[in-house]
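Okay, coords.txt is below, compact mmCIF, C-alpha atoms:
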```
# COMPACT_ATOMS: atom_id res chain seq x y z
CA MET A 1 86.61 97.26 102.89
CA LEU A 2 86.89 100.95 103.75
CA TYR A 3 88.76 102.97 101.12
CA ASP A 4 90.04 106.03 102.96
CA LYS A 5 92.86 107.13 100.63
CA ALA A 6 93.05 107.91 96.92
CA ARG A 7 95.30 109.71 94.46
CA ILE A 8 93.72 111.26 91.38
CA PHE A 9 94.84 113.38 88.43
CA VAL A 10 92.68 116.40 87.62
CA GLN A 11 92.84 118.68 84.58
CA GLY A 12 90.81 121.77 83.79
CA GLY A 13 89.41 122.12 80.30
CA GLY A 14 91.45 124.00 77.72
CA GLY A 15 90.29 127.41 76.56
CA GLY A 16 89.02 127.87 73.01
CA ASP A 17 91.09 129.62 70.36
CA GLY A 18 90.13 133.03 69.09
CA CYS A 19 89.09 133.24 65.45
CA ARG A 20 90.87 135.09 62.64
CA SER A 21 88.10 136.10 60.26
CA PHE A 22 87.03 138.99 58.02
CA ARG A 23 83.60 139.97 56.79
CA ARG A 24 83.05 138.90 53.20
CA GLU A 25 79.54 140.03 52.35
CA ALA A 26 78.33 141.29 49.05
CA HIS A 27 78.05 145.09 48.81
CA VAL A 28 79.87 145.58 52.15
CA PRO A 29 83.18 147.31 51.32
CA ARG A 30 86.01 147.06 53.84
CA GLY A 31 84.04 144.79 56.15
CA GLY A 32 86.91 144.43 58.57
CA PRO A 33 87.78 141.74 61.12
CA ASP A 34 84.95 139.83 62.79
CA GLY A 35 86.67 136.93 64.58
CA GLY A 36 84.97 135.89 67.82
CA ASP A 37 86.61 134.95 71.13
CA GLY A 38 87.15 131.41 72.35
CA GLY A 39 85.26 130.16 75.40
CA ARG A 40 86.66 129.39 78.84
CA GLY A 41 87.45 125.79 79.74
CA GLY A 42 85.49 124.00 82.45
CA ASP A 43 86.75 123.65 86.03
CA VAL A 44 87.22 120.45 88.02
CA VAL A 45 85.15 120.96 91.18
CA LEU A 46 85.05 118.73 94.27
CA VAL A 47 81.66 118.68 96.02
CA CYS A 48 80.93 117.19 99.44
CA ASP A 49 78.10 114.64 99.08
CA ASP A 50 76.66 113.10 102.26
CA SER A 51 75.30 110.13 100.31
CA LEU A 52 78.86 108.78 99.93
CA ARG A 53 80.69 106.89 102.67
CA ASP A 54 84.22 106.27 101.37
CA LEU A 55 86.59 106.85 98.43
CA GLN A 56 85.92 103.55 96.70
CA SER A 57 84.85 105.15 93.39
CA PHE A 58 88.34 106.57 92.92
CA LYS A 59 89.83 103.07 92.82
CA ARG A 60 88.13 102.50 89.47
CA ARG A 61 88.91 105.88 87.95
CA ALA A 62 91.95 108.07 88.59
CA HIS A 63 91.85 110.72 85.81
CA TYR A 64 89.32 113.55 85.70
CA LYS A 65 89.33 116.11 82.89
CA ALA A 66 86.82 118.92 82.45
CA GLN A 67 85.32 119.81 79.07
CA ARG A 68 87.29 121.90 76.59
CA ALA A 69 85.72 125.16 75.46
CA GLY A 70 84.56 125.92 71.94
CA HIS A 71 86.60 128.00 69.50
CA GLY A 72 85.54 131.41 68.28
CA GLU A 73 84.01 131.75 64.82
CA GLY A 74 83.42 134.42 62.24
CA ALA A 75 80.63 136.98 62.46
CA LEU A 76 81.73 137.66 66.07
CA ARG A 77 80.44 134.28 67.26
CA HIS A 78 82.11 133.41 70.54
CA GLY A 79 82.94 129.84 71.54
CA ALA A 80 80.87 128.13 74.24
CA ASP A 81 82.36 127.74 77.70
CA GLY A 82 83.26 124.20 78.75
CA ASP A 83 81.08 122.49 81.36
CA ASP A 84 82.50 122.06 84.84
CA LEU A 85 83.31 118.51 85.93
CA ILE A 86 81.74 117.77 89.33
CA VAL A 87 83.60 115.16 91.39
CA ARG A 88 81.75 114.04 94.53
CA VAL A 89 83.50 113.04 97.75
CA PRO A 90 82.16 111.94 101.17
CA PRO A 91 82.03 114.28 104.18
CA GLY A 92 85.30 114.33 106.09
CA THR A 93 87.53 114.27 103.01
CA GLN A 94 90.83 116.14 103.26
CA VAL A 95 92.28 117.28 99.93
CA ILE A 96 95.92 118.19 99.22
CA ASP A 97 96.64 119.57 95.75
CA TRP A 98 99.91 119.52 93.81
CA GLU A 99 101.01 122.81 95.39
CA GLY A 100 100.52 121.51 98.93
CA THR A 101 97.32 123.48 99.60
CA GLU A 102 94.94 121.65 101.94
CA TYR A 103 91.14 121.72 101.87
CA ASP A 104 88.67 120.11 104.26
CA LEU A 105 85.27 119.11 102.90
CA VAL A 106 83.15 118.55 106.00
CA ALA A 107 79.73 120.12 105.44
CA PRO A 108 77.48 118.64 102.71
CA GLY A 109 77.40 120.92 99.68
CA GLY A 110 80.89 122.31 100.28
CA ARG A 111 82.81 122.99 97.05
CA VAL A 112 86.48 123.30 96.09
CA VAL A 113 87.70 124.28 92.64
CA LEU A 114 90.77 122.10 92.18
CA ALA A 115 91.75 122.78 88.57
CA ARG A 116 90.57 125.92 86.83
CA GLY A 117 89.88 125.84 83.12
CA GLY A 118 92.07 127.77 80.71
CA SER A 119 90.97 131.19 79.50
CA GLY A 120 89.85 131.59 75.92
CA GLY A 121 91.79 133.41 73.24
CA ARG A 122 90.65 136.71 71.76
CA GLY A 123 89.57 136.92 68.14
CA ASN A 124 91.24 139.27 65.67
CA LYS A 125 88.43 141.80 66.09
CA ARG A 126 89.82 142.55 69.58
CA PHE A 127 93.21 143.59 68.11
CA ALA A 128 91.87 146.11 65.62
CA THR A 129 93.09 149.67 66.24
CA ALA A 130 93.14 152.93 64.30
CA THR A 131 96.58 152.06 62.92
CA ARG A 132 96.02 148.29 62.61
CA GLN A 133 92.63 147.96 61.02
CA ALA A 134 93.01 144.42 59.61
CA PRO A 135 94.89 142.24 62.15
CA ARG A 136 95.66 138.85 60.71
CA PHE A 137 96.27 137.06 64.00
CA ALA A 138 94.28 135.89 67.00
CA GLU A 139 95.04 134.45 70.40
CA ARG A 140 95.14 130.79 71.27
CA GLY A 141 93.31 129.47 74.30
CA LEU A 142 95.34 128.43 77.32
CA GLU A 143 95.42 124.93 78.76
CA GLY A 144 93.71 124.34 82.09
CA GLU A 145 95.45 123.68 85.39
CA GLU A 146 96.41 120.10 86.07
CA GLY A 147 98.13 117.97 88.66
CA TRP A 148 97.92 115.05 91.07
CA VAL A 149 95.71 115.39 94.14
CA GLU A 150 95.82 113.38 97.37
CA LEU A 151 92.48 112.50 99.03
CA GLN A 152 92.19 111.20 102.58
CA LEU A 153 88.97 110.41 104.39
CA LYS A 154 88.82 111.23 108.09
CA LEU A 155 85.65 109.78 109.56
CA LEU A 156 83.17 112.18 111.09
CA ALA A 157 82.43 110.42 114.37
CA ASP A 158 81.32 111.88 117.69
CA VAL A 159 83.10 109.27 119.81
CA GLY A 160 86.26 107.31 119.06
CA LEU A 161 87.04 103.98 120.76
CA VAL A 162 90.81 103.66 121.18
CA GLY A 163 92.98 101.06 122.83
CA LEU A 164 95.48 98.31 122.16
CA PRO A 165 94.52 95.43 119.85
CA ASN A 166 92.23 92.91 121.56
CA ALA A 167 91.23 95.39 124.28
CA GLY A 168 87.55 94.76 123.59
CA LYS A 169 86.67 97.76 121.41
CA SER A 170 84.80 95.81 118.75
CA SER A 171 82.77 93.87 121.32
CA LEU A 172 81.89 97.11 123.06
CA LEU A 173 80.80 98.73 119.79
CA SER A 174 78.66 95.73 118.84
CA ARG A 175 76.78 95.85 122.16
CA LEU A 176 76.31 99.63 122.28
CA THR A 177 75.18 99.94 118.65
CA ARG A 178 73.86 97.79 115.81
CA ALA A 179 77.28 97.56 114.18
CA ALA A 180 78.55 94.06 113.49
CA PRO A 181 82.37 94.18 113.53
CA LYS A 182 84.36 90.97 113.42
CA VAL A 183 85.13 89.79 116.95
CA ALA A 184 87.78 87.17 117.78
CA ASP A 185 90.31 86.38 120.49
CA TYR A 186 93.46 87.44 118.63
CA PRO A 187 95.02 90.89 118.05
CA PHE A 188 94.31 92.90 114.91
CA THR A 189 90.93 91.24 114.34
CA THR A 190 89.64 94.63 113.13
CA LEU A 191 91.55 95.84 110.05
CA GLU A 192 89.53 98.95 109.25
CA PRO A 193 87.51 101.53 111.21
CA VAL A 194 83.93 100.50 111.95
CA LEU A 195 81.09 102.95 112.59
CA GLY A 196 77.96 102.47 114.67
CA THR A 197 75.18 104.73 115.96
CA LEU A 198 74.10 105.00 119.57
CA ASP A 199 70.42 105.95 119.67
CA SER A 200 68.51 107.71 122.43
CA ASP A 201 65.05 109.23 122.54
CA ASP A 202 66.08 112.57 121.05
CA ARG A 203 69.53 112.21 119.47
CA GLN A 204 72.10 109.96 117.87
CA LEU A 205 75.83 109.60 118.39
CA VAL A 206 78.24 108.12 115.83
CA LEU A 207 80.80 105.81 117.43
CA ALA A 208 83.97 104.69 115.63
CA ASP A 209 86.13 101.71 116.50
CA ILE A 210 89.68 102.86 115.63
CA PRO A 211 91.88 99.75 115.11
CA GLY A 212 95.58 99.17 114.83
CA LEU A 213 97.02 101.32 117.63
CA ILE A 214 100.26 99.91 119.05
CA GLU A 215 103.48 101.37 120.33
CA GLY A 216 105.06 103.41 117.54
CA ALA A 217 101.76 103.87 115.68
CA SER A 218 102.30 107.63 115.29
CA ALA A 219 105.61 106.88 113.54
CA GLY A 220 104.08 104.35 111.15
CA ALA A 221 104.27 101.08 113.10
CA GLY A 222 101.49 98.56 112.62
CA LEU A 223 98.18 99.79 111.23
CA GLY A 224 97.90 102.83 113.47
CA HIS A 225 99.58 105.27 111.10
CA ASP A 226 96.74 104.72 108.62
CA PHE A 227 93.92 104.96 111.15
CA LEU A 228 95.06 107.60 113.64
CA ALA A 229 93.74 110.21 111.20
CA HIS A 230 90.20 108.98 111.86
CA VAL A 231 90.51 110.01 115.52
CA GLU A 232 91.19 113.65 114.65
CA ARG A 233 87.58 114.69 114.06
CA THR A 234 86.08 112.98 117.12
CA ARG A 235 84.78 115.07 120.01
CA LEU A 236 85.28 112.53 122.80
CA LEU A 237 87.54 109.51 123.24
CA VAL A 238 86.73 106.30 125.06
CA HIS A 239 89.96 104.60 126.09
CA VAL A 240 89.16 100.90 126.30
CA LEU A 241 91.55 99.15 128.69
CA ASP A 242 91.62 95.39 129.23
CA LEU A 243 91.39 94.46 132.92
CA ALA A 244 92.93 91.04 132.24
CA PRO A 245 95.30 91.18 129.21
CA LEU A 246 95.91 87.74 127.67
CA ASP A 247 99.65 88.43 127.38
CA GLY A 248 99.93 89.37 131.04
CA SER A 249 101.03 92.93 130.28
CA ASP A 250 100.65 95.80 132.74
CA PRO A 251 97.39 97.78 132.19
CA VAL A 252 99.12 101.00 133.29
CA ALA A 253 101.83 100.55 130.65
CA ASN A 254 99.15 99.75 128.06
CA TRP A 255 97.27 102.96 128.93
CA GLU A 256 100.45 105.06 128.71
CA THR A 257 101.30 103.55 125.30
CA ILE A 258 98.01 104.63 123.72
CA GLU A 259 98.01 108.07 125.33
CA HIS A 260 101.58 108.69 124.13
CA GLU A 261 100.76 107.70 120.54
CA LEU A 262 97.67 109.92 120.45
CA ALA A 263 99.62 112.95 121.70
CA ALA A 264 102.50 112.26 119.31
CA HIS A 265 100.15 112.12 116.32
CA ASP A 266 98.29 115.36 117.14
CA PRO A 267 98.71 117.39 120.37
CA ARG A 268 95.02 118.36 120.11
CA LEU A 269 94.07 114.75 120.82
CA ALA A 270 95.75 114.99 124.22
CA SER A 271 93.26 117.68 125.23
CA LEU A 272 90.09 115.91 124.04
CA PRO A 273 87.66 114.85 126.82
CA ARG A 274 87.99 111.20 127.74
CA LEU A 275 86.28 108.26 129.38
CA LEU A 276 88.09 105.18 130.59
CA ALA A 277 86.21 101.92 130.02
CA LEU A 278 87.72 98.99 131.90
CA SER A 279 86.64 96.07 129.74
CA LYS A 280 86.23 92.30 130.23
CA ALA A 281 85.15 92.68 133.87
CA ASP A 282 83.55 89.22 133.66
CA LEU A 283 87.04 87.67 133.53
CA VAL A 284 88.15 89.00 136.94
CA PRO A 285 86.58 88.84 140.43
CA PRO A 286 84.26 91.80 141.23
CA ASP A 287 86.48 93.04 144.06
CA VAL A 288 89.50 93.12 141.72
CA ALA A 289 87.54 95.13 139.12
CA SER A 290 86.29 97.54 141.79
CA ALA A 291 89.78 98.05 143.23
CA ALA A 292 91.17 98.69 139.73
CA ALA A 293 88.47 101.29 139.05
CA ASP A 294 89.25 103.08 142.32
CA GLY A 295 92.93 103.11 141.46
CA TRP A 296 92.29 104.62 138.02
CA ARG A 297 89.96 107.27 139.46
CA ALA A 298 92.70 108.34 141.84
CA ARG A 299 95.22 108.40 138.98
CA LEU A 300 93.10 110.31 136.41
CA GLY A 301 91.12 112.64 138.65
CA ALA A 302 87.48 113.65 138.70
CA ASN A 303 87.44 114.94 135.09
CA VAL A 304 87.82 111.45 133.57
CA PRO A 305 84.97 109.05 134.40
CA VAL A 306 86.07 105.46 134.97
CA LEU A 307 83.53 102.74 134.21
CA VAL A 308 83.79 98.97 134.67
CA THR A 309 82.22 97.22 131.66
CA SER A 310 81.65 93.76 130.26
CA SER A 311 80.41 93.14 126.75
CA ALA A 312 79.58 89.55 127.64
CA THR A 313 77.23 90.41 130.53
CA ARG A 314 76.37 94.01 129.48
CA ALA A 315 77.56 95.19 132.89
CA GLY A 316 78.23 98.93 132.88
CA LEU A 317 77.11 99.44 129.28
CA ASP A 318 74.00 101.45 130.15
CA GLU A 319 76.08 103.72 132.37
CA LEU A 320 78.63 104.13 129.56
CA ALA A 321 75.93 105.03 127.03
CA HIS A 322 74.48 107.57 129.46
CA GLU A 323 77.88 109.19 130.00
CA LEU A 324 78.47 109.44 126.25
CA LEU A 325 75.12 111.13 125.66
CA VAL A 326 75.72 113.56 128.53
CA ARG A 327 79.32 114.47 127.73
CA VAL A 328 79.15 114.88 123.94
CA PRO A 329 77.72 118.32 123.09
CA VAL A 330 74.34 118.30 121.38
CA GLU A 331 75.54 120.46 118.50
CA ALA A 332 78.91 120.17 116.83
CA PRO A 333 80.79 123.43 116.35
CA ALA A 334 80.28 124.89 112.90
CA PRO A 335 83.34 124.45 110.64
CA ALA A 336 83.30 128.16 109.80
CA ALA A 337 82.93 129.32 113.40
CA GLN A 338 86.67 129.71 113.84
CA LEU A 339 86.93 131.72 110.63
CA ALA A 340 84.38 134.27 111.77
CA ALA A 341 85.72 134.59 115.31
CA ALA A 342 87.95 137.59 114.63
CA GLU A 343 85.59 139.62 112.48
CA GLU A 344 82.24 139.51 110.74
CA LEU A 345 82.75 138.03 107.28
CA ALA A 346 80.81 139.25 104.28
CA GLU A 347 78.16 136.92 102.93
CA HIS A 348 80.13 136.40 99.72
CA ARG A 349 83.84 137.08 99.71
CA VAL A 350 86.28 135.29 97.43
CA PHE A 351 90.05 135.66 97.66
CA ARG A 352 92.21 134.39 94.83
CA PRO A 353 95.97 134.71 94.44
CA ALA A 354 97.08 137.15 91.75
CA ALA A 355 98.84 135.79 88.70
CA ASP A 356 102.61 135.58 89.02
CA ARG A 357 104.20 138.69 87.46
CA GLY A 358 107.83 137.65 87.91
CA TRP A 359 110.25 136.76 85.13
CA ARG A 360 114.01 136.59 84.70
CA VAL A 361 116.59 136.82 81.91
CA ASP A 362 119.53 134.38 81.68
CA PRO A 363 122.29 134.25 79.02
CA VAL A 364 122.61 130.67 77.70
CA GLY A 365 125.36 131.17 75.14
CA LYS A 366 126.83 133.62 72.69
CA GLY A 367 123.97 135.58 71.16
CA ALA A 368 121.36 133.47 72.99
CA PHE A 369 119.16 134.30 75.96
CA ARG A 370 116.42 132.57 77.91
CA VAL A 371 113.49 134.44 79.47
CA SER A 372 111.59 132.40 82.07
CA GLY A 373 108.51 133.20 84.11
CA ALA A 374 104.77 132.65 84.01
CA PRO A 375 103.80 135.99 82.34
CA VAL A 376 106.12 135.69 79.36
CA GLU A 377 105.40 131.98 78.95
CA ARG A 378 101.66 132.69 78.88
CA LEU A 379 102.31 135.36 76.23
CA MET A 380 104.17 132.90 74.02
CA ALA A 381 101.49 130.24 74.44
CA ARG A 382 98.89 132.72 73.18
CA PHE A 383 100.34 133.40 69.72
CA ASP A 384 101.83 131.74 66.64
CA VAL A 385 105.41 132.99 66.27
CA ASP A 386 105.39 131.95 62.59
CA ASN A 387 102.85 134.71 61.99
CA ASP A 388 104.76 137.97 61.34
CA GLU A 389 101.99 140.18 62.72
CA ALA A 390 101.67 138.01 65.84
CA LEU A 391 105.45 138.14 66.34
CA ALA A 392 105.39 141.92 66.04
CA HIS A 393 102.64 142.02 68.67
CA ILE A 394 104.74 139.79 70.97
CA GLU A 395 107.72 142.13 70.58
CA HIS A 396 105.51 145.10 71.40
CA ARG A 397 104.27 143.39 74.55
CA LEU A 398 107.81 142.45 75.58
CA HIS A 399 108.77 146.11 75.27
CA ARG A 400 105.88 147.16 77.51
CA MET A 401 106.69 144.50 80.08
CA GLY A 402 110.32 145.67 80.30
CA VAL A 403 111.71 142.38 79.00
CA VAL A 404 113.59 143.96 76.09
CA ARG A 405 115.17 146.50 78.43
CA ALA A 406 116.31 143.67 80.71
CA LEU A 407 117.68 141.75 77.72
CA GLU A 408 119.70 144.75 76.57
CA ALA A 409 121.09 145.15 80.09
CA ALA A 410 122.25 141.52 79.89
CA GLY A 411 124.10 142.15 76.58
CA PHE A 412 121.36 141.42 74.06
CA GLU A 413 121.75 142.81 70.52
CA ALA A 414 119.19 142.97 67.74
CA GLY A 415 118.96 139.65 65.92
CA ASP A 416 120.04 137.49 68.86
CA ASP A 417 118.05 134.36 69.67
CA VAL A 418 115.59 134.46 72.54
CA GLU A 419 114.00 131.37 74.11
CA ILE A 420 110.67 131.70 75.93
CA GLY A 421 108.63 128.71 77.01
CA GLY A 422 110.66 126.31 74.85
CA VAL A 423 110.19 128.44 71.70
CA VAL A 424 113.34 129.97 70.17
CA PHE A 425 112.94 132.96 67.87
CA GLU A 426 115.05 135.80 66.55
CA LEU A 427 114.15 139.07 68.24
CA ASP A 428 114.71 142.32 66.38
CA PRO A 429 112.91 144.99 68.41
CA GLY A 430 114.09 147.72 66.05
```

Please express what this file holds, its structure, as structure tokens.
Amino acid sequence: MLYDKARIFVQGGGGGDGCRSFRREAHVPRGGPDGGDGGRGGDVVLVCDDSLRDLQSFKRRAHYKAQRAGHGEGALRHGADGDDLIVRVPPGTQVIDWEGTEYDLVAPGGRVVLARGGSGGRGNKRFATATRQAPRFAERGLEGEEGWVELQLKLLADVGLVGLPNAGKSSLLSRLTRAAPKVADYPFTTLEPVLGTLDSDDRQLVLADIPGLIEGASAGAGLGHDFLAHVERTRLLVHVLDLAPLDGSDPVANWETIEHELAAHDPRLASLPRLLALSKADLVPPDVASAAADGWRARLGANVPVLVTSSATRAGLDELAHELLVRVPVEAPAPAAQLAAAEELAEHRVFRPAADRGWRVDPVGKGAFRVSGAPVERLMARFDVDNDEALAHIEHRLHRMGVVRALEAAGFEAGDDVEIGGVVFELDPG
């Protein structure tokens, strides 16, 4: 069974706490603070590994947490950084994180940092100044990023075989390649995409049998909603059309159904190059098959080759294989080609969003205020408010950030309660 979807929880490693320590050596007067910094937590990194074929490993394990960093120690010993957690996924995996950001891992060796580890806290040595020579507080390390991530595998195939159930796609794939899909005379025999390779003297093509396409597939009907995604990465489509449908349906209506569903799922699919393979020619008289082919050539024009095929007698299969090898480009376009089209990119250039600097002040009652926002919440997570020196440092930082000024504009008075990040404390900036 092909596992092409998974949902996992990732968590970066927590940062190590800074150390509060003082030198206590014999014959060393006024040794001073010597607390070391905590290390940085490990990241959760997704890596594209071409030895994998599907997402089956994620069915057995759903939670991935990177290593926590070491804490700082005395004598200015810094904590060790946490090791990154490498999570391997097959080529063609699309990743959507908890913020809705999408990543495509197509080329082997591609990497995506999903959850960054928390930064380490600074030891008390880092807070020593000319007027504060013996700080008795240190920073705590921050927790790493975490959240649920959606994984979806979109097969990397050169050619996609599409058509209604029981159109003959599986039989065609089994005769063109060494694949062995299940073949039977009832619809929905194939319940998952099947890959095969078409070999020639100097190259290979990967063919994919895309099952489950019926009317309404793009809106979730049948199995098509799950498998239409596998068509997206193909470079050429072979529309397999039954010359003699068992249910007596109209081949033209069947062709229009599939073409409509492909265009509704992704407009790009409507512009992909196509071949029309009229299948099961052994079930109709030769003159009927020839007349049908002429009619389809007149309907589709010269840009869409129309071939009459039979998997039972191998009629037309050599011509179909030749057309596939001719019409699929020898080299696939590089994934980064579109990125470098506008300008020459530097060899190494990394863009990361800046930390959120926004915060807001809200009155929550008489003599009570709430300050919310990532910067102030990170500040509170760093320090122990039960430590008087740490609390004084927090108040100093709030002054510099403009938070106290905003509180006073909202009616704050010295001694009122302030809540930041779920911690309530009495603020007396005077």

Separation of CA of Lys59 (chain A) from CA of Gly82 (chain A), in Å and rounded to one decimal: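 The value is 26.2 Å.
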
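In this structure, CA of Glu139 (chain A) sits 13.0 Å away from CA of His78 (chain A).
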
Protein/DNA/RNA residues near (115.9, 136.0, 78.9), cut 12 Å, all atoms listed in the file, as an MDAnalysis selection string: chainID A and resid 359:365 367:373 376:377 398 402:412 416:425 427

Write the residues you've just listed into a file as a compact mmCIF listing (two decimals), in the coordinates of the input, and include C-alpha atoms for each of them.
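Printed below is again20.txt as written:
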```
# COMPACT_ATOMS: atom_id res chain seq x y z
CA TRP A 359 110.25 136.76 85.13
CA ARG A 360 114.01 136.59 84.70
CA VAL A 361 116.59 136.82 81.91
CA ASP A 362 119.53 134.38 81.68
CA PRO A 363 122.29 134.25 79.02
CA VAL A 364 122.61 130.67 77.70
CA GLY A 365 125.36 131.17 75.14
CA GLY A 367 123.97 135.58 71.16
CA ALA A 368 121.36 133.47 72.99
CA PHE A 369 119.16 134.30 75.96
CA ARG A 370 116.42 132.57 77.91
CA VAL A 371 113.49 134.44 79.47
CA SER A 372 111.59 132.40 82.07
CA GLY A 373 108.51 133.20 84.11
CA VAL A 376 106.12 135.69 79.36
CA GLU A 377 105.40 131.98 78.95
CA LEU A 398 107.81 142.45 75.58
CA GLY A 402 110.32 145.67 80.30
CA VAL A 403 111.71 142.38 79.00
CA VAL A 404 113.59 143.96 76.09
CA ARG A 405 115.17 146.50 78.43
CA ALA A 406 116.31 143.67 80.71
CA LEU A 407 117.68 141.75 77.72
CA GLU A 408 119.70 144.75 76.57
CA ALA A 409 121.09 145.15 80.09
CA ALA A 410 122.25 141.52 79.89
CA GLY A 411 124.10 142.15 76.58
CA PHE A 412 121.36 141.42 74.06
CA ASP A 416 120.04 137.49 68.86
CA ASP A 417 118.05 134.36 69.67
CA VAL A 418 115.59 134.46 72.54
CA GLU A 419 114.00 131.37 74.11
CA ILE A 420 110.67 131.70 75.93
CA GLY A 421 108.63 128.71 77.01
CA GLY A 422 110.66 126.31 74.85
CA VAL A 423 110.19 128.44 71.70
CA VAL A 424 113.34 129.97 70.17
CA PHE A 425 112.94 132.96 67.87
CA LEU A 427 114.15 139.07 68.24
```

At a cut-off of 8 Å, using all atoms listed in the file, what residues contact Val47 (chain A)? Leave out same-chain residues fewer than 4 positions from it and give the result as an NGL selection string. :A and (86-89 or 105 or 108-112)

For Arg297 (chain A), the closest of A:Val284, A:Ala277, A:Val10, A:Ala312 counting all atoms listed in the file is A:Ala277

Contact residues around Asp158 (chain A) with all atoms listed in the file at 8 Å, ignoring same-chain residues under 3 positions, as a ChimeraX atom specification: /A:205-208,233-236,328

Mind dumping the selected residues with C-alpha atoms as an mmCIF file, in the coordinates of the input?
```cif
data_model
loop_
_atom_site.group_PDB
_atom_site.id
_atom_site.type_symbol
_atom_site.label_atom_id
_atom_site.label_comp_id
_atom_site.auth_asym_id
_atom_site.auth_seq_id
_atom_site.Cartn_x
_atom_site.Cartn_y
_atom_site.Cartn_z
ATOM 1 C CA LEU A 205 75.830 109.600 118.390
ATOM 2 C CA VAL A 206 78.240 108.120 115.830
ATOM 3 C CA LEU A 207 80.800 105.810 117.430
ATOM 4 C CA ALA A 208 83.970 104.690 115.630
ATOM 5 C CA ARG A 233 87.580 114.690 114.060
ATOM 6 C CA THR A 234 86.080 112.980 117.120
ATOM 7 C CA ARG A 235 84.780 115.070 120.010
ATOM 8 C CA LEU A 236 85.280 112.530 122.800
ATOM 9 C CA VAL A 328 79.150 114.880 123.940
#
```

Close residues, region 114-116 of chain A itself excluded, 9 Å, all atoms listed in the file, min 4 positions apart in chain, as a PyMOL selection string: chain A and resi 10-13+41-46+66+97+144-147+149

Tell me which protein, DNA and RNA residues are within 12 Å of Thr197 (chain A), counting only C-alpha atoms, leaving out same-chain ones fewer than 4 positions away, and put them as a ChimeraX atom specification. /A:156-160,173-180,203-209,321,324-325

Closest to Ala289 (chain A) among A:Thr131, A:Thr309, A:Gln56, A:Ser271, using all atoms listed in the file?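 Looking only at the distances to Ala289 (chain A), the closest residue turns out to be A:Thr309.
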
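Distances to Ile96 (chain A) were evaluated for A:Asn166, A:Gln152, A:Ser171, A:Ser21 using all atoms listed in the file, and the minimum falls at A:Gln152.
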
With distances taken over only C-alpha atoms, which of A:Gly248, A:Leu272, A:Leu172, A:Asp54 is nearest to Ala315 (chain A)?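 Once distances to Ala315 (chain A) are computed over only C-alpha atoms, the minimum belongs to A:Leu172.
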
My list of candidates is A:Asp104, A:Glu323, A:Asp266, A:Asp282. Which is closest to Asp242 (chain A) when distances are computed with all atoms listed in the file?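 Looking only at the distances to Asp242 (chain A), the closest residue turns out to be A:Asp282.
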
Would you compute, for all listed atoms of region 267-286 of chain A, the axis-aligned bounding box grown by 3 Å on each side, and then report its centre and edge lengths in Å rounded to one decimal, as JSON?
```
{"center_x": 91.1, "center_y": 103.0, "center_z": 130.7, "size_x": 21.2, "size_y": 36.7, "size_z": 27.1}
```

Counting only C-alpha atoms, what is within 10 Å of Phe127 (chain A), bar same-chain residues fewer than 5 positions away, as a PDB file with C-alpha atoms, in the frame of the given file?
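Result file is around.pdb:
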```
ATOM      1  CA  PRO A  33      87.780 141.740  61.120  1.00  0.00           C
ATOM      2  CA  GLY A  35      86.670 136.930  64.580  1.00  0.00           C
ATOM      3  CA  ARG A 122      90.650 136.710  71.760  1.00  0.00           C
ATOM      4  CA  ARG A 132      96.020 148.290  62.610  1.00  0.00           C
ATOM      5  CA  GLN A 133      92.630 147.960  61.020  1.00  0.00           C
ATOM      6  CA  ALA A 134      93.010 144.420  59.610  1.00  0.00           C
ATOM      7  CA  PRO A 135      94.890 142.240  62.150  1.00  0.00           C
ATOM      8  CA  ARG A 136      95.660 138.850  60.710  1.00  0.00           C
ATOM      9  CA  PHE A 137      96.270 137.060  64.000  1.00  0.00           C
ATOM     10  CA  ALA A 138      94.280 135.890  67.000  1.00  0.00           C
ATOM     11  CA  GLU A 139      95.040 134.450  70.400  1.00  0.00           C
ATOM     12  CA  HIS A 393     102.640 142.020  68.670  1.00  0.00           C
TER      13      HIS A 393
END
```

To one decimal place, how far is CA of Trp296 (chain A) from CA of Leu276 (chain A) in Å? 8.6 Å

Taking into account all atoms listed in the file, which residue in the set A:Arg40, A:His399, A:Arg327, A:Arg20 is nearest to Leu76 (chain A)? A:Arg20
